[in-house]
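Q: Please see the structure below; I have some questions.
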Amino acid sequence: MTLSPRDRTVHPPALAPAYRSTALRAPRHAPLSMPSGPAEETGPVFGHDLIGGTDADLVHNFSGAPALGERIIVHGHLRDEAGRPVPDALVEVWQANAGGRYRHAKDGYLAPLDPNFGGCGRCMTDAEGRYAFRTIRPGAYPWPNGGNDWRPAHIHFSLFGHAFGQRLVTQMYFEGDPHVALCPIVQSVPDAAAIDRLVARLDMEGTVPFDARAYRFDLVLRGRAATPFEGRA
Ligand SMILES: [Fe+2]
């Protein structure tokens, strides 16, 4: 199946002046569109045997003891450009802790590390294309851009569908967060409806009573309803 080309009016441009670091890495010439071939339309294929244990439970998968923060379930449905569920897709996530700090050598934010939170997880979609993670709600954090820019609370997503052309790297935001409208990275997505597709909704039906609330985040790999690729060259 030939993959549909990415709609450049929906996905963020490589150069977004308000997102200052894009000026250093954006290519100077417009990207060339090429029809997909066998290399983009087949593989890679992953097996369930690579995933296991508490990989999808970020609350416990770093030290075994529970991480600090608001306990949440993040779950959703993965579909392809024709609306079909995508089973057996690898979904990887990474995020800051409840205070907005990443466990990363280059994160110098003064919020403390949580000794029980690593911030990484992965799972495979099931036969109906569904995925689910247990985690904590990440905190907002400041970043050097305009002097006082803050990232909305967000979770980074990386997906491998059934074809390399279905690769998606994106970020999930939370319903009701006022920083979504203020963030130059989010606002580099040129289409309001596409930004809305990056916002997870509170899902009371998915909550675990007296344990964790749930947020639903559905993703689409390519096509007109595609989840926008994040704004990187
Ligand atoms: Fe981030």
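Note on naming: chains are A, B, ... as they come in the structure tokens, residues start from 1 per chain, ligands start from 1 in the order shown.
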So that I can see what lies close to stretch 107-114 of chain A, please list as number ranges by chain the residues with an atom at most 7 Å from it, counting only C-alpha atoms and leaving out residues fewer than 6 positions away in the same chain.

A: A: 67-68, 97, 99-101

Q: Suppose we keep all heavy atoms; can you now write the selection as a PDB file, in the first residue's frame?

A:
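selection_25.pdb written:
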ATOM      1  N   ALA A  67       6.392   5.868  42.597  1.00  0.00           N
ATOM      2  CA  ALA A  67       6.848   7.239  42.361  1.00  0.00           C
ATOM      3  C   ALA A  67       5.880   8.230  42.991  1.00  0.00           C
ATOM      4  O   ALA A  67       4.702   7.932  43.207  1.00  0.00           O
ATOM      5  CB  ALA A  67       6.945   7.484  40.853  1.00  0.00           C
ATOM      6  N   LEU A  68       6.390   9.438  43.277  1.00  0.00           N
ATOM      7  CA  LEU A  68       5.561  10.514  43.802  1.00  0.00           C
ATOM      8  C   LEU A  68       4.768  11.167  42.684  1.00  0.00           C
ATOM      9  O   LEU A  68       5.261  11.316  41.569  1.00  0.00           O
ATOM     10  CB  LEU A  68       6.450  11.586  44.449  1.00  0.00           C
ATOM     11  CG  LEU A  68       6.993  11.299  45.844  1.00  0.00           C
ATOM     12  CD1 LEU A  68       8.001  12.379  46.225  1.00  0.00           C
ATOM     13  CD2 LEU A  68       5.855  11.263  46.846  1.00  0.00           C
ATOM     14  N   ASN A  97       9.333  14.052  35.777  1.00  0.00           N
ATOM     15  CA  ASN A  97       8.647  13.593  36.982  1.00  0.00           C
ATOM     16  C   ASN A  97       7.582  14.604  37.416  1.00  0.00           C
ATOM     17  O   ASN A  97       7.319  15.597  36.722  1.00  0.00           O
ATOM     18  CB  ASN A  97       9.667  13.266  38.087  1.00  0.00           C
ATOM     19  CG  ASN A  97      10.380  14.510  38.627  1.00  0.00           C
ATOM     20  OD1 ASN A  97       9.909  15.643  38.501  1.00  0.00           O
ATOM     21  ND2 ASN A  97      11.540  14.292  39.239  1.00  0.00           N
ATOM     22  N   GLY A  99       7.605  16.903  39.456  1.00  0.00           N
ATOM     23  CA  GLY A  99       8.098  18.263  39.632  1.00  0.00           C
ATOM     24  C   GLY A  99       8.562  18.914  38.345  1.00  0.00           C
ATOM     25  O   GLY A  99       8.977  20.072  38.344  1.00  0.00           O
ATOM     26  N   GLY A 100       8.516  18.184  37.228  1.00  0.00           N
ATOM     27  CA  GLY A 100       8.950  18.752  35.954  1.00  0.00           C
ATOM     28  C   GLY A 100      10.422  18.499  35.649  1.00  0.00           C
ATOM     29  O   GLY A 100      11.010  19.162  34.802  1.00  0.00           O
ATOM     30  N   ARG A 101      11.041  17.544  36.303  1.00  0.00           N
ATOM     31  CA  ARG A 101      12.477  17.251  36.116  1.00  0.00           C
ATOM     32  C   ARG A 101      12.648  15.897  35.423  1.00  0.00           C
ATOM     33  O   ARG A 101      12.024  14.906  35.817  1.00  0.00           O
ATOM     34  CB  ARG A 101      13.159  17.216  37.491  1.00  0.00           C
ATOM     35  CG  ARG A 101      14.606  16.756  37.497  1.00  0.00           C
ATOM     36  CD  ARG A 101      15.585  17.871  37.269  1.00  0.00           C
ATOM     37  NE  ARG A 101      16.956  17.357  37.250  1.00  0.00           N
ATOM     38  CZ  ARG A 101      17.789  17.392  38.315  1.00  0.00           C
ATOM     39  NH1 ARG A 101      17.372  17.935  39.441  1.00  0.00           N
ATOM     40  NH2 ARG A 101      19.006  16.919  38.216  1.00  0.00           N
TER      41      ARG A 101
END

Q: Can you pull out every residue within 10 Å of stretch 188-197 of chain A, counting only C-alpha atoms, but drop anything in the same chain fewer than 2 positions away, and send it as an MDAnalysis selection string?

A: chainID A and resid 8:19 172:173 175 180:181 183:186 199:201 217:220 224:231

Q: Now that the selection is made, can you save its residues with N, CA and C atoms as an mmCIF file, in the first residue's frame?

A:
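Result written to part_13.cif:
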data_model
loop_
_atom_site.group_PDB
_atom_site.id
_atom_site.type_symbol
_atom_site.label_atom_id
_atom_site.label_comp_id
_atom_site.auth_asym_id
_atom_site.auth_seq_id
_atom_site.Cartn_x
_atom_site.Cartn_y
_atom_site.Cartn_z
ATOM 1 N N ARG A 8 1.564 19.081 4.926
ATOM 2 C CA ARG A 8 2.442 20.073 5.576
ATOM 3 C C ARG A 8 1.661 21.238 6.168
ATOM 4 N N THR A 9 0.346 21.316 5.902
ATOM 5 C CA THR A 9 -0.453 22.368 6.547
ATOM 6 C C THR A 9 -0.946 21.915 7.918
ATOM 7 N N VAL A 10 -0.718 20.649 8.250
ATOM 8 C CA VAL A 10 -1.149 20.112 9.541
ATOM 9 C C VAL A 10 0.048 19.884 10.467
ATOM 10 N N HIS A 11 1.117 19.311 9.924
ATOM 11 C CA HIS A 11 2.304 19.053 10.742
ATOM 12 C C HIS A 11 3.125 20.336 10.873
ATOM 13 N N PRO A 12 3.838 20.494 11.980
ATOM 14 C CA PRO A 12 4.589 21.739 12.174
ATOM 15 C C PRO A 12 5.726 21.867 11.170
ATOM 16 N N PRO A 13 6.052 23.095 10.771
ATOM 17 C CA PRO A 13 7.172 23.307 9.844
ATOM 18 C C PRO A 13 8.499 23.104 10.572
ATOM 19 N N ALA A 14 9.547 22.823 9.803
ATOM 20 C CA ALA A 14 10.878 22.663 10.417
ATOM 21 C C ALA A 14 11.347 23.977 11.029
ATOM 22 N N LEU A 15 10.974 25.098 10.419
ATOM 23 C CA LEU A 15 11.377 26.410 10.926
ATOM 24 C C LEU A 15 10.157 27.102 11.531
ATOM 25 N N ALA A 16 10.172 27.297 12.857
ATOM 26 C CA ALA A 16 9.112 28.011 13.568
ATOM 27 C C ALA A 16 9.795 29.095 14.401
ATOM 28 N N PRO A 17 9.839 30.358 13.936
ATOM 29 C CA PRO A 17 10.674 31.386 14.581
ATOM 30 C C PRO A 17 10.435 31.552 16.079
ATOM 31 N N ALA A 18 9.180 31.385 16.556
ATOM 32 C CA ALA A 18 8.928 31.539 17.985
ATOM 33 C C ALA A 18 9.542 30.397 18.795
ATOM 34 N N TYR A 19 9.836 29.295 18.136
ATOM 35 C CA TYR A 19 10.518 28.141 18.737
ATOM 36 C C TYR A 19 11.965 28.276 18.266
ATOM 37 N N MET A 172 2.082 14.313 23.912
ATOM 38 C CA MET A 172 0.703 14.346 24.402
ATOM 39 C C MET A 172 0.573 15.405 25.493
ATOM 40 N N TYR A 173 -0.505 16.191 25.416
ATOM 41 C CA TYR A 173 -0.779 17.218 26.424
ATOM 42 C C TYR A 173 -2.052 16.857 27.173
ATOM 43 N N GLU A 175 -5.816 17.870 28.823
ATOM 44 C CA GLU A 175 -7.011 18.719 28.733
ATOM 45 C C GLU A 175 -7.009 19.757 29.854
ATOM 46 N N VAL A 180 -0.831 25.040 27.136
ATOM 47 C CA VAL A 180 -0.904 24.541 25.753
ATOM 48 C C VAL A 180 -1.010 25.716 24.781
ATOM 49 N N ALA A 181 -1.823 26.715 25.146
ATOM 50 C CA ALA A 181 -2.028 27.864 24.253
ATOM 51 C C ALA A 181 -0.841 28.824 24.262
ATOM 52 N N CYS A 183 2.540 27.782 24.581
ATOM 53 C CA CYS A 183 3.821 27.124 24.290
ATOM 54 C C CYS A 183 4.200 27.267 22.810
ATOM 55 N N PRO A 184 5.372 27.856 22.517
ATOM 56 C CA PRO A 184 5.781 28.014 21.115
ATOM 57 C C PRO A 184 5.963 26.685 20.384
ATOM 58 N N ILE A 185 6.303 25.623 21.113
ATOM 59 C CA ILE A 185 6.460 24.322 20.448
ATOM 60 C C ILE A 185 5.090 23.792 20.029
ATOM 61 N N VAL A 186 4.110 23.839 20.951
ATOM 62 C CA VAL A 186 2.761 23.389 20.579
ATOM 63 C C VAL A 186 2.218 24.260 19.448
ATOM 64 N N VAL A 199 -4.169 16.645 22.508
ATOM 65 C CA VAL A 199 -4.616 16.864 23.888
ATOM 66 C C VAL A 199 -5.418 15.656 24.370
ATOM 67 N N ALA A 200 -4.922 15.019 25.439
ATOM 68 C CA ALA A 200 -5.621 13.870 26.020
ATOM 69 C C ALA A 200 -6.801 14.354 26.860
ATOM 70 N N ARG A 201 -7.872 13.586 26.851
ATOM 71 C CA ARG A 201 -9.088 13.953 27.595
ATOM 72 C C ARG A 201 -9.179 13.145 28.887
ATOM 73 N N PHE A 217 -5.867 9.110 25.023
ATOM 74 C CA PHE A 217 -5.116 9.745 23.936
ATOM 75 C C PHE A 217 -5.064 8.772 22.771
ATOM 76 N N ASP A 218 -5.887 9.026 21.752
ATOM 77 C CA ASP A 218 -5.905 8.191 20.549
ATOM 78 C C ASP A 218 -4.914 8.744 19.533
ATOM 79 N N LEU A 219 -4.304 7.850 18.777
ATOM 80 C CA LEU A 219 -3.296 8.267 17.799
ATOM 81 C C LEU A 219 -3.629 7.703 16.425
ATOM 82 N N VAL A 220 -3.272 8.460 15.391
ATOM 83 C CA VAL A 220 -3.466 8.033 14.012
ATOM 84 C C VAL A 220 -2.145 8.180 13.267
ATOM 85 N N ARG A 224 -5.322 11.891 6.737
ATOM 86 C CA ARG A 224 -5.921 13.197 7.006
ATOM 87 C C ARG A 224 -6.112 13.468 8.490
ATOM 88 N N ALA A 225 -6.332 12.421 9.286
ATOM 89 C CA ALA A 225 -6.540 12.597 10.723
ATOM 90 C C ALA A 225 -5.272 12.317 11.516
ATOM 91 N N ALA A 226 -4.118 12.389 10.834
ATOM 92 C CA ALA A 226 -2.865 11.993 11.480
ATOM 93 C C ALA A 226 -2.587 12.805 12.731
ATOM 94 N N THR A 227 -2.044 12.134 13.735
ATOM 95 C CA THR A 227 -1.497 12.828 14.896
ATOM 96 C C THR A 227 -0.271 13.597 14.412
ATOM 97 N N PRO A 228 -0.177 14.907 14.703
ATOM 98 C CA PRO A 228 0.965 15.673 14.190
ATOM 99 C C PRO A 228 2.304 15.166 14.712
ATOM 100 N N PHE A 229 3.274 15.107 13.799
ATOM 101 C CA PHE A 229 4.653 14.809 14.176
ATOM 102 C C PHE A 229 5.171 15.990 14.967
ATOM 103 N N GLU A 230 6.019 15.760 15.966
ATOM 104 C CA GLU A 230 6.527 16.896 16.741
ATOM 105 C C GLU A 230 7.424 17.775 15.897
ATOM 106 N N GLY A 231 7.599 19.025 16.339
ATOM 107 C CA GLY A 231 8.273 20.032 15.520
ATOM 108 C C GLY A 231 9.785 19.958 15.549
#

Q: What is the atom CA of A:Asp7 to atom CA of A:Thr170 distance in Å?

A: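 About the pair atom CA of A:Asp7 and atom CA of A:Thr170: they are 15.5 Å apart.
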
Q: Residues of chain A within 9 Å of ligand 1: nearest atom pair and distance (Å, one decimal) for each, counting only C-alpha atoms and all ligand atoms, sorted by chain and number, as a tab-separated table?

A:
residue	atom	partner	partner_atom_place_in_ligand_line	distance
A:Trp94	CA	ligand 1	1 (Fe)	8.0
A:Gln95	CA	ligand 1	1 (Fe)	6.1
A:Ala96	CA	ligand 1	1 (Fe)	6.7
A:Gly100	CA	ligand 1	1 (Fe)	8.8
A:Tyr102	CA	ligand 1	1 (Fe)	8.0
A:Ala140	CA	ligand 1	1 (Fe)	9.0
A:Tyr141	CA	ligand 1	1 (Fe)	8.4
A:Arg151	CA	ligand 1	1 (Fe)	7.3
A:Pro152	CA	ligand 1	1 (Fe)	8.9
A:Ala153	CA	ligand 1	1 (Fe)	8.2
A:His154	CA	ligand 1	1 (Fe)	6.5
A:Ile155	CA	ligand 1	1 (Fe)	6.8
A:His156	CA	ligand 1	1 (Fe)	6.4
A:Gln171	CA	ligand 1	1 (Fe)	8.0

Q: Between atom CA of A:Leu58 and atom CA of A:Ile72, measure the distance and give it in Å to one decimal.

A: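 We find that atom CA of A:Leu58 and atom CA of A:Ile72 lie 10.1 Å from each other.
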
Q: Of the candidates A:Trp143, A:Tyr215, A:Phe117, A:Phe164, which shows the shortest atom-to-atom distance to A:Tyr131, using only C-alpha atoms?

A: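 For A:Tyr131, the nearest of the given residues is A:Tyr215.
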
Q: Determine which residues of stretch 43-213 of chain A DSSP labels as strand (DSSP E or B) from the backbone of this structure, then write them out as a PyMOL selection string.

A: chain A and resi 43+57+71-80+85+90-94+120-124+130-136+141-143+149-151+154-160+163+168-174+199-202+208+212-213

Q: Can you work out the spacing between atom CA of A:His179 and atom CA of A:Pro138 in Å, to one decimal?

A: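 The value is 13.4 Å.
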